[in-house]
$ cat structure.cif   # mmCIF, C-alpha atoms and all ligand atoms
data_run
#
loop_
_atom_site.label_atom_id
_atom_site.label_comp_id
_atom_site.auth_asym_id
_atom_site.auth_seq_id
_atom_site.Cartn_x
_atom_site.Cartn_y
_atom_site.Cartn_z
CA MET S 1 -36.53 14.08 15.18
CA LYS S 2 -34.05 14.88 12.43
CA VAL S 3 -32.24 11.85 10.99
CA LEU S 4 -29.26 11.72 8.63
CA VAL S 5 -28.35 8.53 6.74
CA LEU S 6 -24.89 8.27 5.16
CA GLY S 7 -24.55 6.24 1.97
CA ASN S 8 -25.91 5.78 -1.52
CA GLY S 9 -26.77 2.09 -1.96
CA GLY S 10 -29.77 -0.20 -1.81
CA ARG S 11 -29.10 -0.70 1.89
CA GLU S 12 -29.41 3.04 2.52
CA HIS S 13 -32.59 3.23 0.46
CA ALA S 14 -34.08 0.48 2.67
CA LEU S 15 -32.97 2.33 5.82
CA VAL S 16 -34.48 5.58 4.55
CA TRP S 17 -37.71 3.82 3.53
CA LYS S 18 -38.03 2.26 7.00
CA LEU S 19 -37.11 5.46 8.87
CA ARG S 20 -39.65 7.39 6.78
CA GLN S 21 -42.38 5.16 8.34
CA SER S 22 -41.49 6.24 11.87
CA PRO S 23 -43.84 8.82 13.36
CA ARG S 24 -40.82 10.06 15.33
CA VAL S 25 -38.93 11.16 12.20
CA SER S 26 -39.86 14.66 11.06
CA GLN S 27 -36.90 15.41 8.79
CA LEU S 28 -34.92 12.83 6.89
CA TYR S 29 -31.67 13.47 5.02
CA CYS S 30 -29.42 11.16 3.05
CA ALA S 31 -25.86 11.96 1.95
CA PRO S 32 -25.25 11.58 -0.89
CA GLY S 33 -28.23 9.29 -1.64
CA ASN S 34 -29.30 8.21 -5.13
CA GLY S 35 -32.11 8.62 -7.64
CA GLY S 36 -34.62 6.57 -5.67
CA ILE S 37 -33.63 7.78 -2.21
CA ALA S 38 -34.39 11.31 -3.42
CA ASP S 39 -38.07 10.33 -3.50
CA ASP S 40 -38.06 9.42 0.22
CA ALA S 41 -35.50 11.78 1.78
CA GLU S 42 -33.77 15.06 1.08
CA CYS S 43 -30.48 14.16 -0.59
CA VAL S 44 -27.55 16.34 0.44
CA ALA S 45 -23.99 16.35 -0.89
CA ALA S 46 -21.09 14.94 1.08
CA ASP S 47 -17.87 13.13 0.32
CA LEU S 48 -18.02 9.96 2.42
CA LYS S 49 -14.27 9.47 1.94
CA SER S 50 -13.67 12.66 3.91
CA LEU S 51 -14.29 13.06 7.65
CA GLU S 52 -14.21 16.85 7.24
CA SER S 53 -16.91 16.78 4.61
CA ILE S 54 -19.17 14.57 6.77
CA THR S 55 -18.55 16.65 9.89
CA ALA S 56 -19.25 19.89 8.05
CA LEU S 57 -22.55 18.50 6.81
CA ALA S 58 -23.61 17.32 10.27
CA ALA S 59 -22.60 20.66 11.80
CA ARG S 60 -24.96 22.34 9.33
CA LEU S 61 -27.90 19.90 9.65
CA GLN S 62 -27.55 19.14 13.40
CA PRO S 63 -29.25 15.72 13.14
CA ASP S 64 -30.61 14.08 16.30
CA LEU S 65 -29.43 10.75 14.90
CA THR S 66 -26.93 9.76 12.19
CA VAL S 67 -26.95 6.26 10.71
CA VAL S 68 -23.77 5.25 8.91
CA GLY S 69 -24.43 2.86 6.02
CA PRO S 70 -21.08 1.91 4.46
CA GLU S 71 -17.87 0.71 6.12
CA LEU S 72 -15.52 3.39 4.84
CA PRO S 73 -16.71 6.31 7.05
CA LEU S 74 -16.70 3.96 10.06
CA THR S 75 -13.14 2.95 9.28
CA LEU S 76 -12.20 6.63 9.02
CA GLY S 77 -13.55 7.16 12.54
CA VAL S 78 -16.78 9.07 11.87
CA VAL S 79 -18.42 7.70 15.03
CA ASP S 80 -15.37 8.65 17.16
CA GLU S 81 -15.48 12.17 15.73
CA PHE S 82 -19.23 12.54 16.31
CA ALA S 83 -18.92 11.16 19.87
CA ARG S 84 -16.25 13.79 20.65
CA ARG S 85 -18.73 16.46 19.59
CA GLY S 86 -21.64 14.87 21.46
CA TRP S 87 -23.55 14.01 18.25
CA PRO S 88 -25.50 10.72 18.37
CA ALA S 89 -24.33 8.31 15.65
CA PHE S 90 -25.16 4.65 15.15
CA GLY S 91 -22.17 2.42 14.46
CA PRO S 92 -18.84 1.26 15.90
CA THR S 93 -15.74 3.32 16.54
CA ARG S 94 -12.76 3.07 14.23
CA ALA S 95 -11.04 0.61 16.60
CA ALA S 96 -14.11 -1.65 16.75
CA ALA S 97 -14.60 -1.42 12.97
CA GLN S 98 -11.31 -3.29 12.56
CA LEU S 99 -13.40 -6.45 12.76
CA GLU S 100 -14.30 -5.63 9.17
CA SER S 101 -11.45 -3.43 7.98
CA SER S 102 -8.73 -6.00 8.72
CA LYS S 103 -9.35 -9.67 8.05
CA SER S 104 -6.12 -10.60 9.85
CA PHE S 105 -7.31 -8.70 12.94
CA ALA S 106 -10.66 -10.52 12.77
CA LYS S 107 -9.07 -13.96 12.35
CA GLU S 108 -6.61 -13.49 15.21
CA PHE S 109 -9.41 -12.07 17.38
CA LEU S 110 -11.57 -15.15 16.66
CA GLN S 111 -8.66 -17.41 17.53
CA ARG S 112 -7.91 -15.53 20.79
CA HIS S 113 -11.54 -15.88 21.85
CA HIS S 114 -12.08 -19.48 20.70
CA ILE S 115 -14.87 -18.57 18.30
CA PRO S 116 -15.24 -21.11 15.48
CA THR S 117 -13.63 -20.10 12.17
CA ALA S 118 -11.65 -21.77 9.36
CA PRO S 119 -7.92 -22.52 9.89
CA PHE S 120 -5.84 -19.73 8.35
CA ALA S 121 -2.42 -18.22 7.72
CA ILE S 122 -1.54 -14.52 7.55
CA CYS S 123 1.10 -13.65 4.93
CA ASP S 124 2.99 -10.43 4.15
CA SER S 125 5.12 -11.79 1.31
CA ILE S 126 4.88 -14.25 -1.54
CA GLU S 127 7.56 -16.41 0.15
CA GLN S 128 5.32 -16.71 3.20
CA VAL S 129 2.39 -17.57 0.93
CA ARG S 130 4.37 -20.32 -0.82
CA SER S 131 5.52 -21.92 2.41
CA SER S 132 2.09 -21.61 4.11
CA LEU S 133 0.29 -23.19 1.15
CA GLY S 134 1.87 -26.49 2.20
CA HIS S 135 -0.54 -26.57 5.16
CA PHE S 136 -3.69 -26.28 3.04
CA HIS S 137 -5.70 -28.56 0.79
CA VAL S 138 -7.25 -27.21 -2.42
CA PRO S 139 -9.46 -25.41 -3.05
CA VAL S 140 -7.93 -22.76 -0.80
CA VAL S 141 -9.34 -19.30 -0.11
CA VAL S 142 -7.13 -16.24 -0.69
CA LYS S 143 -8.29 -12.98 0.90
CA ALA S 144 -6.98 -9.45 0.81
CA ASP S 145 -6.60 -8.15 4.36
CA GLY S 146 -8.24 -4.76 3.80
CA LEU S 147 -11.54 -3.43 2.49
CA ALA S 148 -12.34 -4.55 -1.07
CA ALA S 149 -16.12 -4.14 -1.43
CA GLY S 150 -16.69 -7.90 -1.40
CA LYS S 151 -14.22 -8.41 -4.24
CA GLY S 152 -11.12 -9.29 -2.23
CA VAL S 153 -11.82 -13.03 -1.90
CA VAL S 154 -10.76 -15.67 -4.42
CA ILE S 155 -11.38 -19.39 -4.07
CA ALA S 156 -8.34 -20.91 -5.79
CA LYS S 157 -8.69 -24.37 -7.32
CA SER S 158 -4.95 -25.07 -7.29
CA LYS S 159 -1.97 -23.94 -5.25
CA GLU S 160 -0.47 -22.36 -8.38
CA GLU S 161 -3.61 -20.25 -8.80
CA ALA S 162 -3.55 -19.35 -5.08
CA ALA S 163 0.08 -18.24 -5.32
CA SER S 164 -0.54 -16.16 -8.43
CA VAL S 165 -3.64 -14.45 -6.97
CA ALA S 166 -1.77 -13.77 -3.74
CA ALA S 167 1.17 -12.35 -5.71
CA GLU S 168 -1.16 -10.02 -7.57
CA MET S 169 -2.81 -8.87 -4.33
CA LEU S 170 0.55 -8.34 -2.61
CA SER S 171 1.90 -6.34 -5.57
CA GLY S 172 -0.88 -3.79 -5.06
CA LYS S 173 -1.99 -4.13 -8.70
CA MET S 174 -5.24 -5.89 -7.90
CA LEU S 175 -6.64 -4.00 -4.91
CA GLY S 176 -4.06 -1.39 -3.90
CA GLU S 177 -3.23 -1.13 -0.19
CA ALA S 178 -6.03 -3.56 0.75
CA GLY S 179 -3.93 -6.42 -0.61
CA ALA S 180 -0.62 -5.54 1.07
CA ARG S 181 -1.32 -8.46 3.42
CA VAL S 182 -3.21 -11.63 2.52
CA VAL S 183 -4.99 -14.30 4.51
CA LEU S 184 -5.04 -17.92 3.32
CA GLU S 185 -7.95 -19.92 4.61
CA GLU S 186 -9.33 -23.43 4.47
CA CYS S 187 -12.29 -23.57 2.11
CA LEU S 188 -15.46 -24.37 4.07
CA LYS S 189 -18.53 -26.08 2.66
CA GLY S 190 -22.13 -25.51 3.62
CA ASP S 191 -24.92 -22.97 3.46
CA GLU S 192 -24.02 -19.35 4.12
CA LEU S 193 -25.98 -17.30 6.61
CA SER S 194 -25.94 -13.60 7.41
CA PHE S 195 -26.62 -13.21 11.10
CA LEU S 196 -26.85 -9.60 12.25
CA VAL S 197 -27.19 -8.34 15.82
CA PHE S 198 -27.54 -4.89 17.33
CA SER S 199 -25.14 -4.24 20.20
CA ASP S 200 -24.63 -1.46 22.72
CA GLY S 201 -21.14 -2.69 23.57
CA GLU S 202 -22.41 -5.21 26.07
CA ARG S 203 -25.82 -6.64 25.21
CA VAL S 204 -26.93 -8.01 21.85
CA ALA S 205 -30.30 -8.28 20.11
CA PRO S 206 -30.45 -10.47 16.98
CA LEU S 207 -32.21 -9.40 13.79
CA VAL S 208 -33.89 -12.03 11.64
CA ALA S 209 -31.30 -13.92 9.62
CA ALA S 210 -30.90 -13.76 5.84
CA GLN S 211 -29.02 -15.55 3.10
CA ASP S 212 -27.01 -13.62 0.53
CA HIS S 213 -25.96 -14.87 -2.94
CA LYS S 214 -22.42 -13.60 -3.53
CA ARG S 215 -21.54 -15.01 -6.93
CA VAL S 216 -22.57 -13.12 -10.02
CA GLY S 217 -24.07 -16.07 -11.89
CA ASP S 218 -26.84 -18.63 -11.46
CA GLY S 219 -25.88 -21.78 -9.56
CA ASP S 220 -23.23 -19.81 -7.63
CA THR S 221 -20.90 -19.43 -10.60
CA GLY S 222 -18.57 -16.61 -11.64
CA PRO S 223 -16.75 -14.10 -9.46
CA ASN S 224 -17.82 -12.84 -6.04
CA THR S 225 -19.78 -9.58 -5.92
CA GLY S 226 -21.10 -7.33 -3.15
CA GLY S 227 -24.21 -9.56 -3.22
CA MET S 228 -26.71 -10.41 -5.98
CA GLY S 229 -29.78 -11.15 -3.86
CA ALA S 230 -30.93 -12.27 -0.43
CA TYR S 231 -33.94 -13.71 1.29
CA SER S 232 -35.24 -14.00 4.84
CA THR S 233 -37.89 -16.30 6.28
CA ALA S 234 -39.20 -17.12 9.75
CA ASP S 235 -37.53 -20.55 9.65
CA ILE S 236 -34.18 -19.73 8.02
CA VAL S 237 -32.80 -20.38 11.53
CA ASP S 238 -34.90 -21.94 14.27
CA ASP S 239 -34.99 -20.58 17.83
CA ARG S 240 -32.42 -23.09 19.07
CA MET S 241 -29.92 -22.19 16.38
CA ARG S 242 -30.52 -18.48 16.92
CA ASP S 243 -29.78 -18.89 20.64
CA TRP S 244 -26.68 -20.92 19.83
CA LEU S 245 -25.41 -18.21 17.50
CA VAL S 246 -26.05 -15.54 20.13
CA HIS S 247 -24.29 -17.53 22.88
CA HIS S 248 -21.35 -18.91 20.91
CA ILE S 249 -20.68 -16.17 18.40
CA ALA S 250 -22.36 -12.76 18.85
CA ARG S 251 -21.99 -12.43 22.64
CA PRO S 252 -18.39 -13.71 22.78
CA VAL S 253 -17.45 -11.24 20.02
CA VAL S 254 -19.01 -8.30 21.85
CA ALA S 255 -17.53 -9.42 25.19
CA GLY S 256 -14.13 -9.96 23.57
CA MET S 257 -14.12 -6.50 22.00
CA LYS S 258 -15.05 -4.93 25.33
CA ALA S 259 -12.29 -6.90 27.07
CA GLU S 260 -9.86 -5.55 24.45
CA SER S 261 -11.03 -1.97 25.08
CA ALA S 262 -12.69 -1.63 21.69
CA GLU S 263 -16.35 -1.79 22.67
CA PHE S 264 -18.51 -2.73 19.67
CA LYS S 265 -21.67 -0.63 19.27
CA GLY S 266 -23.91 -0.66 16.22
CA VAL S 267 -24.79 -3.59 14.02
CA LEU S 268 -22.46 -6.57 13.94
CA TYR S 269 -22.85 -8.62 10.78
CA CYS S 270 -21.62 -12.19 11.25
CA GLY S 271 -21.08 -13.89 7.88
CA LEU S 272 -21.34 -17.59 8.71
CA MET S 273 -20.87 -20.92 6.97
CA MET S 274 -23.16 -23.60 8.38
CA THR S 275 -20.73 -26.53 8.03
CA ALA S 276 -21.06 -30.18 9.02
CA ARG S 277 -18.81 -29.25 11.99
CA GLY S 278 -21.21 -26.48 13.02
CA PRO S 279 -21.47 -22.77 12.22
CA MET S 280 -18.17 -21.00 11.53
CA VAL S 281 -17.41 -17.33 11.03
CA LEU S 282 -16.36 -16.39 7.47
CA GLU S 283 -16.19 -12.67 8.05
CA PHE S 284 -17.53 -9.78 10.05
CA ASN S 285 -19.00 -6.58 8.78
CA CYS S 286 -19.47 -3.68 11.16
CA ARG S 287 -22.54 -2.36 9.33
CA PHE S 288 -25.79 -3.49 7.76
CA GLY S 289 -25.42 -5.95 4.88
CA ASP S 290 -26.29 -5.05 1.33
CA PRO S 291 -28.57 -6.58 0.01
CA GLU S 292 -29.56 -8.40 3.26
CA THR S 293 -30.91 -5.19 4.81
CA GLN S 294 -33.58 -4.93 2.11
CA PRO S 295 -35.39 -8.24 2.93
CA ILE S 296 -34.63 -7.90 6.67
CA LEU S 297 -36.20 -4.44 6.99
CA MET S 298 -39.18 -5.55 4.88
CA ARG S 299 -39.96 -7.91 7.79
CA LEU S 300 -39.43 -5.38 10.60
CA GLU S 301 -42.67 -4.20 12.14
CA SER S 302 -41.37 -2.08 15.02
CA ASP S 303 -39.87 1.41 14.90
CA LEU S 304 -36.26 1.35 13.70
CA THR S 305 -35.35 4.65 15.42
CA ASP S 306 -36.00 3.14 18.86
CA ALA S 307 -33.63 0.24 18.21
CA LEU S 308 -30.93 2.53 16.77
CA GLU S 309 -31.11 4.78 19.81
CA ALA S 310 -31.02 1.80 22.19
CA SER S 311 -27.63 0.85 20.72
CA ILE S 312 -26.23 4.36 21.09
CA GLU S 313 -27.64 4.81 24.61
CA GLY S 314 -26.59 1.42 25.99
CA ARG S 315 -29.94 -0.26 26.46
CA VAL S 316 -30.23 -2.88 23.72
CA SER S 317 -32.74 -5.65 24.39
CA GLU S 318 -34.38 -8.40 22.31
CA GLY S 319 -37.69 -6.60 22.73
CA ASP S 320 -36.39 -3.77 20.51
CA PHE S 321 -37.57 -5.68 17.43
CA LYS S 322 -40.94 -6.99 16.35
CA TRP S 323 -40.85 -9.14 13.21
CA SER S 324 -43.40 -10.30 10.68
CA GLN S 325 -43.65 -14.06 10.05
CA ASP S 326 -43.79 -13.29 6.30
CA ALA S 327 -40.99 -14.19 3.92
CA SER S 328 -39.09 -11.61 1.90
CA VAL S 329 -36.61 -11.65 -0.95
CA CYS S 330 -34.46 -9.13 -2.79
CA VAL S 331 -33.23 -9.72 -6.35
CA VAL S 332 -30.41 -7.39 -7.38
CA MET S 333 -30.46 -6.05 -10.95
CA SER S 334 -26.96 -5.07 -11.99
CA SER S 335 -25.23 -3.44 -14.93
CA GLY S 336 -23.90 -5.90 -17.51
CA GLY S 337 -20.22 -6.58 -16.77
CA TYR S 338 -20.44 -6.07 -12.97
CA PRO S 339 -18.37 -6.90 -10.86
CA GLY S 340 -15.92 -6.08 -13.66
CA THR S 341 -16.21 -2.98 -15.85
CA TYR S 342 -19.64 -1.76 -16.95
CA GLU S 343 -21.29 1.24 -18.56
CA VAL S 344 -23.60 3.67 -16.76
CA GLY S 345 -26.17 6.24 -17.84
CA LYS S 346 -28.70 3.73 -19.25
CA ARG S 347 -32.35 4.73 -19.02
CA ILE S 348 -34.39 2.53 -16.64
CA ASP S 349 -37.98 1.73 -17.68
CA GLY S 350 -40.83 -0.10 -15.99
CA LEU S 351 -40.25 0.99 -12.39
CA GLU S 352 -43.86 2.07 -11.88
CA GLU S 353 -45.28 -1.18 -13.25
CA ALA S 354 -42.95 -3.13 -10.95
CA ALA S 355 -43.91 -1.09 -7.88
CA ALA S 356 -47.60 -1.67 -8.59
CA ILE S 357 -47.25 -5.41 -7.87
CA SER S 358 -48.60 -6.30 -4.43
CA GLY S 359 -45.90 -6.56 -1.74
CA VAL S 360 -43.13 -5.23 -3.99
CA LYS S 361 -40.71 -2.41 -3.15
CA VAL S 362 -37.93 -1.51 -5.56
CA PHE S 363 -34.93 -0.15 -3.67
CA HIS S 364 -32.48 1.90 -5.69
CA ALA S 365 -28.71 1.40 -5.50
CA GLY S 366 -26.70 2.77 -8.45
CA THR S 367 -29.29 5.12 -9.97
CA SER S 368 -29.61 8.81 -10.69
CA LYS S 369 -32.67 10.84 -11.63
CA ARG S 370 -32.92 13.60 -14.24
CA ASP S 371 -36.17 15.29 -15.28
CA GLY S 372 -38.25 12.53 -13.71
CA VAL S 373 -36.32 9.75 -15.50
CA TYR S 374 -34.05 7.24 -13.72
CA TYR S 375 -30.68 6.19 -15.15
CA THR S 376 -28.14 3.56 -14.12
CA ALA S 377 -25.19 4.97 -12.19
CA GLY S 378 -23.40 1.99 -10.66
CA GLY S 379 -22.73 -1.76 -10.69
CA ARG S 380 -25.63 -2.87 -8.55
CA VAL S 381 -28.55 -0.81 -9.83
CA LEU S 382 -31.77 -1.95 -8.12
CA GLY S 383 -32.84 -4.27 -5.30
CA VAL S 384 -36.22 -5.60 -6.37
CA THR S 385 -37.72 -6.71 -3.06
CA ALA S 386 -40.97 -8.48 -2.25
CA ARG S 387 -42.73 -9.69 0.88
CA ALA S 388 -45.47 -12.35 1.09
CA ALA S 389 -46.90 -14.96 3.46
CA ASP S 390 -44.60 -17.61 1.99
CA LEU S 391 -41.24 -17.59 0.24
CA GLU S 392 -42.56 -19.04 -3.02
CA THR S 393 -45.01 -16.16 -3.44
CA ALA S 394 -42.41 -13.56 -2.43
CA VAL S 395 -39.96 -14.94 -5.01
CA ALA S 396 -42.65 -15.07 -7.72
CA ARG S 397 -43.57 -11.43 -7.03
CA ALA S 398 -39.96 -10.25 -7.05
CA TYR S 399 -39.30 -11.94 -10.40
CA GLU S 400 -42.57 -10.68 -11.85
CA ALA S 401 -41.36 -7.17 -10.90
CA CYS S 402 -37.89 -7.78 -12.42
CA GLY S 403 -39.65 -8.78 -15.64
CA LYS S 404 -41.30 -5.35 -15.85
CA ILE S 405 -38.03 -3.43 -15.45
CA SER S 406 -35.59 -2.95 -18.29
CA PHE S 407 -32.34 -1.14 -18.99
CA ASP S 408 -29.58 -1.77 -21.48
CA GLY S 409 -27.36 -4.63 -20.30
CA ALA S 410 -29.45 -5.50 -17.23
CA HIS S 411 -28.39 -8.68 -15.46
CA TYR S 412 -29.95 -10.53 -12.55
CA ARG S 413 -29.75 -14.02 -11.12
CA LYS S 414 -32.79 -16.20 -11.75
CA ASP S 415 -32.20 -18.49 -8.77
CA ILE S 416 -32.30 -16.26 -5.68
CA ALA S 417 -33.67 -18.35 -2.77
CA GLY S 418 -33.80 -21.29 -5.20
CA ARG S 419 -32.10 -23.71 -2.84
CA ALA S 420 -34.45 -22.83 0.01
CA LEU S 421 -37.45 -23.40 -2.27
CA LYS S 422 -36.16 -26.84 -3.26
CA LYS S 423 -35.85 -27.96 0.38
P1 LIG S 501 -15.69 -12.65 3.07
O1 LIG S 501 -15.53 -11.26 2.54
O2 LIG S 501 -14.58 -13.12 3.92
O3 LIG S 501 -17.04 -12.98 3.60
O4 LIG S 501 -15.76 -13.55 1.77
C1 LIG S 501 -16.74 -13.34 0.79
C2 LIG S 501 -17.31 -14.65 0.37
O5 LIG S 501 -16.29 -15.56 0.00
C3 LIG S 501 -18.08 -15.38 1.46
O6 LIG S 501 -19.38 -14.90 1.60
C4 LIG S 501 -18.03 -16.79 0.93
O7 LIG S 501 -18.96 -16.97 -0.11
C5 LIG S 501 -16.65 -16.87 0.37
N1 LIG S 501 -15.72 -17.35 1.40
C6 LIG S 501 -14.99 -16.61 2.25
N2 LIG S 501 -14.26 -17.38 3.08
C7 LIG S 501 -14.53 -18.66 2.75
C8 LIG S 501 -14.10 -19.91 3.24
N3 LIG S 501 -13.20 -20.02 4.23
N4 LIG S 501 -14.60 -21.01 2.65
C9 LIG S 501 -15.48 -20.93 1.63
N5 LIG S 501 -15.93 -19.78 1.12
C10 LIG S 501 -15.47 -18.64 1.67
N1 LIG S 502 -23.88 -8.69 1.31
C1 LIG S 502 -22.61 -8.72 1.90
C2 LIG S 502 -22.18 -7.46 2.47
O1 LIG S 502 -22.95 -6.57 2.76
O2 LIG S 502 -20.98 -7.30 2.67
#

$ encode --input "structure.cif" --output "structure tokens"
Amino acid sequence: MKVLVLGNGGREHALVWKLRQSPRVSQLYCAPGNGGIADDAECVAADLKSLESITALAARLQPDLTVVGPELPLTLGVVDEFARRGWPAFGPTRAAAQLESSKSFAKEFLQRHHIPTAPFAICDSIEQVRSSLGHFHVPVVVKADGLAAGKGVVIAKSKEEAASVAAEMLSGKMLGEAGARVVLEECLKGDELSFLVFSDGERVAPLVAAQDHKRVGDGDTGPNTGGMGAYSTADIVDDRMRDWLVHHIARPVVAGMKAESAEFKGVLYCGLMMTARGPMVLEFNCRFGDPETQPILMRLESDLTDALEASIEGRVSEGDFKWSQDASVCVVMSSGGYPGTYEVGKRIDGLEEAAAISGVKVFHAGTSKRDGVYYTAGGRVLGVTARAADLETAVARAYEACGKISFDGAHYRKDIAGRALKK
């Protein structure tokens, strides 16, 4: 079969790498892809901000299956458009993608369906923010309502800081339209967990869970990013907890969306905080996580195309996935300055030496390739991923690989999976 993957990040490289292993896949395309993806798939041009551009590409390639990586094309309605034309595409419709594209929609949805989440207030003006802040203790979380690539969340230490961040978001200076509405939220404490399930609109099948590391610096310091590293192990959640999460979170979300006539198909990413009061939903994404997908797919032993098709065709079941008991970890190497401003075009060395380490796969995110040489081309540059029988070995291999790779200004956290190793 002919498969088209949309996107250009580490997540899409992992998807392409996994799809490439399927005996069912004869032709594999990625639009627009990146320097590393070009080694595993044919990269084709497309503007993912434009439905017309994506549709024109698919009309030309006629893929048997399209997998949408990032949220933006989903929010534009790419799956709706493909469905109208009878083209199979994995992912939710525009209406269902609101779970990610509007935090106020997600919070009110959770409240309507009695799914655990932090107390919150939705504000459209700074006056509303000021009066609502009276109901919160500090620290308080301030979130932009719309899409902000993981950068629309600030944990404010004081109410003055919360008000000033909210004012900046509302003014449009900080995040444009995405900040025209803000959500204030109680700050939850606990371990974060990324719990992803495939859904066909009715049934759900969980993937193995992972833990992301959102802050840019060691010890969870500095600003939030798209994600600086993630790991997955067989015991990150036990069977009882997994069943609880399916029964109390994933299934009620899918049932609730169906009841509201916005059936959710595709992969539902539940960002959870495991608090002393139990698991609570921090956010939803309507797509695979980045970098969680890299360690998750490293542990997948069954054919990904079958599971993707099951979601599209309405026959999702837990048996769609077979997982390795091994542990896996992804350490993100980023450009110096990310998530703020950074320079690109730096030559990347040592990739071959890193890839030669047993169990290591280096997924490319912001890279380009010219004359056989790779250069940095984005904030998150590489996802150095390793798999091994235990987490300690996987982490040691990933960091050994990071040590072989160099580019000007390279930054990576030294403590990915550190807390799990201490336990
Ligand atoms: P979100 O995009 O809503 O997931 O927020 C991004 C990150 O901000 C989360 O992964 C958490 O690290 C943090 N965060 C969001 N909401 C809360 C909350 N209510 N309490 C504590 N941390 C939060
Ligand atoms: N790693 C978080 C995300 O994909 O949004």

$ closest_atom_pairs --input "structure.cif" --of "range 57-166 of chain S" --to "range 186-199 of chain S" --cutoff "6 Å" --atoms "only C-alpha atoms" --output "Markdown table"
| residue | atom | partner | partner_atom | distance |
| --- | --- | --- | --- | --- |
| S:Ala118 | CA | S:Glu186 | CA | 5.7 |
| S:Pro119 | CA | S:Glu186 | CA | 5.7 |
| S:Val140 | CA | S:Cys187 | CA | 5.3 |
| S:Val141 | CA | S:Cys187 | CA | 5.6 |

$ residues_around --input "structure.cif" --residues "range 176-184 of chain S" --least-positions-apart "3" --cutoff "10 Å" --atoms "all atoms listed in the file" --output "ChimeraX atom specification"
/S:101-104,107,118-126,128-129,132-133,135-136,140-148,152-155,162,165-173,187

$ atom_distance --input "structure.cif" --atom1 "CA of Val68 in chain S" --atom2 "CA of Arg94 in chain S"
12.4 Å

$ atom_distance --input "structure.cif" --atom1 "CA of Arg251 in chain S" --atom2 "CA of Asn285 in chain S"
15.3 Å

$ closest_atom_pairs --input "structure.cif" --of "chain S" --to "ligand LIG 502 (chain S)" --cutoff "7 Å" --atoms "all atoms listed in the file" --output "CSV"
residue,atom,partner,partner_atom,distance
S:Gly150,CA,S:LIG502,O2,5.9
S:Asp212,CA,S:LIG502,N1,5.9
S:Gly226,CA,S:LIG502,N1,5.4
S:Gly227,CA,S:LIG502,N1,4.6
S:Asn285,CA,S:LIG502,O2,6.5
S:Phe288,CA,S:LIG502,O1,6.5
S:Gly289,CA,S:LIG502,O1,3.3
S:Asp290,CA,S:LIG502,O1,3.9
S:Pro291,CA,S:LIG502,N1,5.3
S:Glu292,CA,S:LIG502,N1,6.0

$ write_last_selection --input "structure.cif" --atoms "C-alpha atoms" --output "PDB file, keeping the file's coordinate frame"
ATOM      1  CA  GLY S 150     -16.690  -7.900  -1.400  1.00  0.00           C
ATOM      2  CA  ASP S 212     -27.010 -13.620   0.530  1.00  0.00           C
ATOM      3  CA  GLY S 226     -21.100  -7.330  -3.150  1.00  0.00           C
ATOM      4  CA  GLY S 227     -24.210  -9.560  -3.220  1.00  0.00           C
ATOM      5  CA  ASN S 285     -19.000  -6.580   8.780  1.00  0.00           C
ATOM      6  CA  PHE S 288     -25.790  -3.490   7.760  1.00  0.00           C
ATOM      7  CA  GLY S 289     -25.420  -5.950   4.880  1.00  0.00           C
ATOM      8  CA  ASP S 290     -26.290  -5.050   1.330  1.00  0.00           C
ATOM      9  CA  PRO S 291     -28.570  -6.580   0.010  1.00  0.00           C
ATOM     10  CA  GLU S 292     -29.560  -8.400   3.260  1.00  0.00           C
TER      11      GLU S 292
END

$ atom_distance --input "structure.cif" --atom1 "CA of Thr275 in chain S" --atom2 "CA of Arg112 in chain S"
21.2 Å

$ residues_around --input "structure.cif" --residues "Phe109 in chain S" --least-positions-apart "3" --cutoff "10 Å" --atoms "all atoms listed in the file" --output "PyMOL selection string"
chain S and resi 99+103-106+112-115+253+256-257+260

$ write_last_selection --input "structure.cif" --atoms "C-alpha atoms" --output "PDB file, in the frame of the given file"
ATOM      1  CA  LEU S  99     -13.400  -6.450  12.760  1.00  0.00           C
ATOM      2  CA  LYS S 103      -9.350  -9.670   8.050  1.00  0.00           C
ATOM      3  CA  SER S 104      -6.120 -10.600   9.850  1.00  0.00           C
ATOM      4  CA  PHE S 105      -7.310  -8.700  12.940  1.00  0.00           C
ATOM      5  CA  ALA S 106     -10.660 -10.520  12.770  1.00  0.00           C
ATOM      6  CA  ARG S 112      -7.910 -15.530  20.790  1.00  0.00           C
ATOM      7  CA  HIS S 113     -11.540 -15.880  21.850  1.00  0.00           C
ATOM      8  CA  HIS S 114     -12.080 -19.480  20.700  1.00  0.00           C
ATOM      9  CA  ILE S 115     -14.870 -18.570  18.300  1.00  0.00           C
ATOM     10  CA  VAL S 253     -17.450 -11.240  20.020  1.00  0.00           C
ATOM     11  CA  GLY S 256     -14.130  -9.960  23.570  1.00  0.00           C
ATOM     12  CA  MET S 257     -14.120  -6.500  22.000  1.00  0.00           C
ATOM     13  CA  GLU S 260      -9.860  -5.550  24.450  1.00  0.00           C
TER      14      GLU S 260
END

$ residues_around --input "structure.cif" --residues "Ser328 in chain S" --least-positions-apart "6" --cutoff "12 Å" --atoms "only C-alpha atoms" --output "number ranges by chain"
S: 208-211, 229-236, 291-300, 359-361, 384-398, 416-417

$ closest_residue --input "structure.cif" --among "S:Asp306, S:Glu12, S:Glu313, S:Asp220" --to "ligand LIG 501 (chain S)" --atoms "only C-alpha atoms and all ligand atoms"
S:Asp220

$ closest_residue --input "structure.cif" --among "S:Met228, S:Val25, S:Leu76, S:Val16" --to "ligand LIG 501 (chain S)" --atoms "only C-alpha atoms and all ligand atoms"
S:Met228
